[in-house]
Amino acid sequence: MRVISWNMKNKKSNWTFLAGLSPDIALIQEAYNLNITPNNRLINDFTHKLKVKNKVNNFIYSPKNESERICFPKEFNNDFICVKTTTKNKNEIFVLSIYGNLDWHKFPNSETKLKKWFTIFAGQIAITITFLKNEYNAKNIIIAGDFNCERRMDNNPTSTKFMKNGERINNLLFDFILAMGFKNCVRKYYSEPQRTHKHVRSSYMWELDHMFCTSKLYDSLENITVLDSVIQNKLSDHNPIIANFRV
């Protein structure tokens with residue numbers, strides 16, 4: 001099963017590029033709002049959309065696998081989208097597309113907005129995963145997407161106002177995800193951070209996009225690629241993560 005996670009930067013033409021990568025399931029953030037119609041050859045009834053904010057959509061694109069949308073209570077999530085799919089071996093897999101919505105930073109008190117952002121983000125991940133486990137007995141889970149944060153931000157390598165040097169909040173967030181029983185798919189094949197994002201004002205090789213999965217899926221992960229040609233060719237400011245699982 002080929003799983004792709006990508007922030008496509010709201011470009012219509014990137015749907016065609018994505019289809020050419022032959023995903024079984026793709027988790028797409030900032031996806032151009034391509035209409036789901038019977039005559040659309042790119043997407044079908046198993047393509048699911050969530051509007052996050054104006055002109056920002058979070059899609060799960062399922063051109064090969066039948067998938068069922070998992071609906072979360074609106075009280076605790078408005079930014080993540082999830083589907084359940086069943087493999088040929090009758091294994092149920094839950095795929096959760098993550099979008100780290102930076103609009104959460106817009107709090108009146110600027111001194112506390114960063115901590116509130118991480119609290120909300122971690123809380124949404126925790127309650128969503130707990131919901132999947134309790135309501136659907138989910139054991140095989142993939143979570144991936146544009147988190148808009150990464151561990152090295154705690155050292156503030158580009159001297160931005162987003163972080164203070166010496167913070168631990170990014171590392172605590174990712175340690176929390178690992179403590180929930182997930183494993184870092186990219187780290188299975190790459191010991192060092194990979195460039196998944198190119199900021200317009202910096203050449204720093206940010207790894208803002210991530211893919212995690214539960215243990216059994218991690219063991220079945222055959223290979224993973226971060227397709228850096230996407231940024232090089234300016235298709236998006238994010239590179240896709242392409243993972244192939246033996247399931």
# chains A, B, ... in the order shown; residues from 1 in each chain; ligands from 1
>>> residues_around(residues="region 182-199 of chain A", least_positions_apart="5", cutoff="6 Å", atoms="only C-alpha atoms", output="count of residues only")
11
>>> select_by_dssp(residues="region 77-207 of chain A", states="strand (DSSP E)", output="MDAnalysis selection string")
chainID A and resid 81:86 92:99 141:146 182:184
>>> write_last_selection(atoms="C-alpha atoms", output="PDB file, in the first residue's frame")
ATOM      1  CA  ILE A  81      -9.673  14.250   8.470  1.00  0.00           C
ATOM      2  CA  CYS A  82      -9.682  10.463   8.838  1.00  0.00           C
ATOM      3  CA  VAL A  83     -10.736   7.417   6.830  1.00  0.00           C
ATOM      4  CA  LYS A  84     -10.820   3.691   7.430  1.00  0.00           C
ATOM      5  CA  THR A  85      -9.720   1.347   4.666  1.00  0.00           C
ATOM      6  CA  THR A  86      -9.461  -2.443   4.501  1.00  0.00           C
ATOM      7  CA  GLU A  92      -8.369  -2.392   8.883  1.00  0.00           C
ATOM      8  CA  ILE A  93      -6.164   0.682   8.596  1.00  0.00           C
ATOM      9  CA  PHE A  94      -7.073   4.138   9.861  1.00  0.00           C
ATOM     10  CA  VAL A  95      -5.406   7.064   8.089  1.00  0.00           C
ATOM     11  CA  LEU A  96      -5.438  10.501   9.746  1.00  0.00           C
ATOM     12  CA  SER A  97      -4.407  13.635   7.837  1.00  0.00           C
ATOM     13  CA  ILE A  98      -2.932  16.269  10.154  1.00  0.00           C
ATOM     14  CA  TYR A  99      -2.928  20.007   9.539  1.00  0.00           C
ATOM     15  CA  ILE A 141      -3.148   3.874  12.481  1.00  0.00           C
ATOM     16  CA  ILE A 142      -1.148   6.206  10.240  1.00  0.00           C
ATOM     17  CA  ILE A 143      -0.988   9.895  11.126  1.00  0.00           C
ATOM     18  CA  ALA A 144       0.744  12.213   8.679  1.00  0.00           C
ATOM     19  CA  GLY A 145       0.641  15.720   7.332  1.00  0.00           C
ATOM     20  CA  ASP A 146       1.846  19.278   7.695  1.00  0.00           C
ATOM     21  CA  PHE A 182       3.564   5.653  17.345  1.00  0.00           C
ATOM     22  CA  LYS A 183       6.861   5.377  15.475  1.00  0.00           C
ATOM     23  CA  ASN A 184       8.477   7.883  13.128  1.00  0.00           C
TER      24      ASN A 184
END
>>> select_by_dssp(residues="region 16-154 of chain A", states="helix (DSSP H, G or I)", output="PyMOL selection string")
chain A and resi 16-20+102-105+113-136+151-154
>>> residues_around(residues="region 4-17 of chain A", least_positions_apart="5", cutoff="9 Å", atoms="only C-alpha atoms", output="MDAnalysis selection string")
chainID A and resid 23:34 42 55:58 97 144:146 196 209:211 235:244
>>> atom_distance(atom1="CA of His48 (chain A)", atom2="CA of Glu68 (chain A)")
8.9 Å
>>> atom_distance(atom1="CA of Leu132 (chain A)", atom2="CA of Tyr218 (chain A)")
18.4 Å
>>> closest_residue(among="A:Ser22, A:Asn148, A:Asn170, A:Asn137", to="Thr119 (chain A)", atoms="only C-alpha atoms")
A:Asn170
>>> atom_distance(atom1="CA of Leu221 (chain A)", atom2="CA of Val247 (chain A)")
8.7 Å
>>> closest_residue(among="A:Thr225, A:Thr47, A:Thr160, A:Asn78", to="Val3 (chain A)", atoms="only C-alpha atoms")
A:Thr225
